[in-house]
Structures are given as structure tokens and as C-alpha cells.
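Source file: run15.txt. Holds: compact mmCIF, N, CA and C atoms.
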# COMPACT_ATOMS: atom_id res chain seq x y z
N MET K 1 9.20 -4.97 17.57
CA MET K 1 8.53 -5.80 16.61
C MET K 1 9.32 -7.10 16.48
N LYS K 2 8.63 -8.20 16.68
CA LYS K 2 9.27 -9.51 16.61
C LYS K 2 8.93 -10.18 15.28
N ILE K 3 9.94 -10.58 14.52
CA ILE K 3 9.73 -11.24 13.24
C ILE K 3 9.40 -12.71 13.50
N THR K 4 8.27 -13.16 12.92
CA THR K 4 7.84 -14.55 13.12
C THR K 4 8.11 -15.42 11.90
N GLY K 5 8.40 -14.81 10.77
CA GLY K 5 8.68 -15.61 9.57
C GLY K 5 8.69 -14.75 8.33
N PHE K 6 8.80 -15.42 7.19
CA PHE K 6 8.82 -14.75 5.89
C PHE K 6 7.83 -15.43 4.98
N TYR K 7 7.23 -14.68 4.08
CA TYR K 7 6.33 -15.21 3.07
C TYR K 7 6.94 -14.86 1.72
N LEU K 8 7.26 -15.86 0.92
CA LEU K 8 7.89 -15.64 -0.38
C LEU K 8 6.94 -16.09 -1.48
N ALA K 9 6.91 -15.32 -2.57
CA ALA K 9 6.10 -15.67 -3.73
C ALA K 9 6.98 -15.59 -4.97
N ALA K 10 6.99 -16.68 -5.73
CA ALA K 10 7.79 -16.75 -6.95
C ALA K 10 6.94 -17.43 -8.03
N PRO K 11 7.27 -17.17 -9.29
CA PRO K 11 6.53 -17.84 -10.37
C PRO K 11 6.70 -19.36 -10.30
N SER K 12 5.69 -20.07 -10.76
CA SER K 12 5.76 -21.54 -10.70
C SER K 12 6.64 -22.12 -11.79
N ILE K 13 6.81 -21.39 -12.90
CA ILE K 13 7.66 -21.88 -14.00
C ILE K 13 8.65 -20.78 -14.36
N VAL K 14 9.95 -21.12 -14.38
CA VAL K 14 11.00 -20.18 -14.78
C VAL K 14 11.96 -20.94 -15.68
N ARG K 15 12.31 -20.32 -16.82
CA ARG K 15 13.27 -20.95 -17.73
C ARG K 15 14.69 -20.66 -17.29
N VAL K 16 15.64 -21.41 -17.82
CA VAL K 16 17.05 -21.21 -17.53
C VAL K 16 17.47 -19.84 -18.03
N ASN K 17 18.23 -19.11 -17.22
CA ASN K 17 18.74 -17.77 -17.53
C ASN K 17 17.64 -16.72 -17.71
N GLU K 18 16.44 -16.98 -17.20
CA GLU K 18 15.35 -16.02 -17.29
C GLU K 18 15.25 -15.28 -15.95
N SER K 19 15.18 -13.95 -16.01
CA SER K 19 15.00 -13.20 -14.77
C SER K 19 13.54 -13.28 -14.35
N PHE K 20 13.29 -13.20 -13.04
CA PHE K 20 11.93 -13.27 -12.52
C PHE K 20 11.84 -12.42 -11.27
N SER K 21 10.61 -12.07 -10.91
CA SER K 21 10.34 -11.28 -9.71
C SER K 21 10.13 -12.21 -8.53
N LEU K 22 10.57 -11.76 -7.38
CA LEU K 22 10.39 -12.50 -6.14
C LEU K 22 9.73 -11.57 -5.14
N GLY K 23 8.56 -11.96 -4.65
CA GLY K 23 7.85 -11.16 -3.65
C GLY K 23 8.20 -11.64 -2.25
N ILE K 24 8.51 -10.70 -1.36
CA ILE K 24 8.89 -11.04 0.02
C ILE K 24 8.07 -10.21 0.99
N LYS K 25 7.45 -10.87 1.97
CA LYS K 25 6.76 -10.19 3.06
C LYS K 25 7.36 -10.68 4.37
N VAL K 26 7.62 -9.77 5.28
CA VAL K 26 8.12 -10.13 6.61
C VAL K 26 6.91 -10.25 7.53
N LEU K 27 6.73 -11.39 8.16
CA LEU K 27 5.61 -11.62 9.06
C LEU K 27 6.01 -11.24 10.48
N THR K 28 5.14 -10.54 11.18
CA THR K 28 5.40 -10.12 12.56
C THR K 28 4.19 -10.40 13.43
N GLU K 29 4.39 -10.31 14.71
CA GLU K 29 3.26 -10.38 15.63
C GLU K 29 2.48 -9.07 15.55
N PRO K 30 1.16 -9.11 15.76
CA PRO K 30 0.38 -7.87 15.73
C PRO K 30 0.88 -6.90 16.81
N TYR K 31 0.84 -5.61 16.50
CA TYR K 31 1.24 -4.60 17.47
C TYR K 31 0.36 -3.38 17.31
N LYS K 32 0.23 -2.62 18.38
CA LYS K 32 -0.63 -1.44 18.39
C LYS K 32 0.12 -0.25 17.81
N VAL K 33 -0.61 0.59 17.10
CA VAL K 33 -0.06 1.84 16.59
C VAL K 33 -0.98 2.97 17.05
N ASN K 34 -0.41 4.14 17.21
CA ASN K 34 -1.21 5.29 17.61
C ASN K 34 -1.97 5.83 16.42
N CYS K 35 -3.16 6.36 16.70
CA CYS K 35 -3.91 6.97 15.61
C CYS K 35 -3.33 8.37 15.35
N ALA K 36 -3.56 8.86 14.15
CA ALA K 36 -3.02 10.17 13.78
C ALA K 36 -4.12 11.00 13.14
N VAL K 37 -4.06 12.29 13.37
CA VAL K 37 -5.00 13.22 12.76
C VAL K 37 -4.20 14.08 11.79
N TYR K 38 -4.65 14.10 10.55
CA TYR K 38 -3.94 14.88 9.53
C TYR K 38 -4.58 16.25 9.41
N PRO K 39 -3.78 17.29 9.21
CA PRO K 39 -4.33 18.63 9.05
C PRO K 39 -5.20 18.73 7.80
N MET K 40 -6.10 19.69 7.77
CA MET K 40 -7.03 19.84 6.66
C MET K 40 -6.32 20.11 5.33
N MET K 41 -5.13 20.70 5.36
CA MET K 41 -4.45 21.00 4.10
C MET K 41 -4.03 19.73 3.36
N PHE K 42 -4.00 18.59 4.04
CA PHE K 42 -3.63 17.34 3.40
C PHE K 42 -4.84 16.46 3.11
N SER K 43 -6.05 16.95 3.39
CA SER K 43 -7.23 16.14 3.16
C SER K 43 -7.49 16.01 1.65
N PRO K 44 -8.06 14.91 1.22
CA PRO K 44 -8.32 14.75 -0.21
C PRO K 44 -9.34 15.76 -0.70
N LYS K 45 -9.16 16.23 -1.90
CA LYS K 45 -10.06 17.21 -2.49
C LYS K 45 -10.59 16.67 -3.81
N VAL K 46 -11.83 17.01 -4.11
CA VAL K 46 -12.42 16.62 -5.38
C VAL K 46 -12.17 17.76 -6.35
N LYS K 47 -11.16 17.60 -7.19
CA LYS K 47 -10.80 18.61 -8.17
C LYS K 47 -10.59 17.95 -9.52
N GLY K 48 -10.77 18.70 -10.54
CA GLY K 48 -10.54 18.19 -11.88
C GLY K 48 -11.56 18.76 -12.84
N ILE K 49 -11.30 18.64 -14.12
CA ILE K 49 -12.19 19.25 -15.09
C ILE K 49 -13.54 18.53 -15.17
N TYR K 50 -13.62 17.28 -14.74
CA TYR K 50 -14.86 16.52 -14.81
C TYR K 50 -15.56 16.40 -13.46
N LYS K 51 -15.02 17.00 -12.42
CA LYS K 51 -15.61 16.87 -11.09
C LYS K 51 -15.95 18.24 -10.51
N ILE K 52 -16.46 19.12 -11.32
CA ILE K 52 -16.80 20.47 -10.84
C ILE K 52 -18.29 20.52 -10.54
N CYS K 53 -18.64 20.89 -9.34
CA CYS K 53 -20.03 21.01 -8.92
C CYS K 53 -20.46 22.47 -9.08
N PRO K 54 -21.74 22.71 -9.37
CA PRO K 54 -22.21 24.09 -9.42
C PRO K 54 -22.17 24.69 -8.01
N PRO K 55 -21.99 26.01 -7.90
CA PRO K 55 -21.94 26.62 -6.58
C PRO K 55 -23.26 26.46 -5.83
N VAL K 56 -23.18 26.28 -4.54
CA VAL K 56 -24.37 26.13 -3.69
C VAL K 56 -24.83 27.50 -3.26
N GLU K 57 -26.10 27.80 -3.46
CA GLU K 57 -26.62 29.12 -3.06
C GLU K 57 -27.49 29.00 -1.85
Since I need it in another form, could you write the structure as C-alpha cells?
Amino acid sequence: MKITGFYLAAPSIVRVNESFSLGIKVLTEPYKVNCAVYPMMFSPKVKGIYKICPPVE
């Protein structure tokens, strides 16, 4: 992976002695990734007290 640059985001106004957040993204050239298949035990499930469906007969 080759780094092509950085993207920084900071607030436009900061007072003296005030802490602030700084967002940083590392920019890279596009690269291919392998696809992955997740086992069924990790698949999302619809569960909860408000998402119960009646049994299908």
C-alpha cells in the first residue's frame, strides 16, 4: 500500500488553551482486496422484543 497523502480536519475557530479534535485520514492508491464469506453463525439476526414474527405454518 502506497501512501499518497494525508487529509486533516480541524475546527475553524479554536480559543487559546482550548483542546480540540483533529481528524486524520491517510490517503492511498486503490488496491484490490479478496472477498470473504462469513459463516452463518455470524449472520445478522432479527431478534428483540419488538421484532418477533408469528410462526409460519
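Atom to atom, atom C of K:Lys25 and atom N of K:Ser12 stand 17.9 Å apart.
One finds atom N of K:Tyr7 at 5.3 Å from atom CA of K:Val26.
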Which residues are near K:Thr28? Cut-off 12 Å, only C-alpha atoms, ignore same chain within fewer than 3 positions. Put them as a list in words. Met1, Lys2, Ile3, Thr4, Gly5, Phe6, Tyr7, Lys25 and Tyr31 of chain K
Write the residues of the preceding selection, restricted to N, CA and C atoms, as a tab-separated table (two decimals), in the coordinates of the input.
chain	number	residue	atom	x	y	z
K	1	MET	N	9.20	-4.97	17.57
K	1	MET	CA	8.53	-5.80	16.61
K	1	MET	C	9.32	-7.10	16.48
K	2	LYS	N	8.63	-8.20	16.68
K	2	LYS	CA	9.27	-9.51	16.61
K	2	LYS	C	8.93	-10.18	15.28
K	3	ILE	N	9.94	-10.58	14.52
K	3	ILE	CA	9.73	-11.24	13.24
K	3	ILE	C	9.40	-12.71	13.50
K	4	THR	N	8.27	-13.16	12.92
K	4	THR	CA	7.84	-14.55	13.12
K	4	THR	C	8.11	-15.42	11.90
K	5	GLY	N	8.40	-14.81	10.77
K	5	GLY	CA	8.68	-15.61	9.57
K	5	GLY	C	8.69	-14.75	8.33
K	6	PHE	N	8.80	-15.42	7.19
K	6	PHE	CA	8.82	-14.75	5.89
K	6	PHE	C	7.83	-15.43	4.98
K	7	TYR	N	7.23	-14.68	4.08
K	7	TYR	CA	6.33	-15.21	3.07
K	7	TYR	C	6.94	-14.86	1.72
K	25	LYS	N	7.45	-10.87	1.97
K	25	LYS	CA	6.76	-10.19	3.06
K	25	LYS	C	7.36	-10.68	4.37
K	31	TYR	N	0.84	-5.61	16.50
K	31	TYR	CA	1.24	-4.60	17.47
K	31	TYR	C	0.36	-3.38	17.31
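Take atom N of K:Pro11 and atom N of K:Ile24: the distance between them is 10.3 Å.
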Any chance you could work out the axis-aligned box around stretch 19-26 of chain K, listed atoms only, 5 Å on each side, giving centre and edge lengths in Å to one decimal, as lines of an AutoDock Vina configuration file?
center_x = 11.0
center_y = -11.9
center_z = -4.2
size_x = 18.4
size_y = 14.2
size_z = 33.5
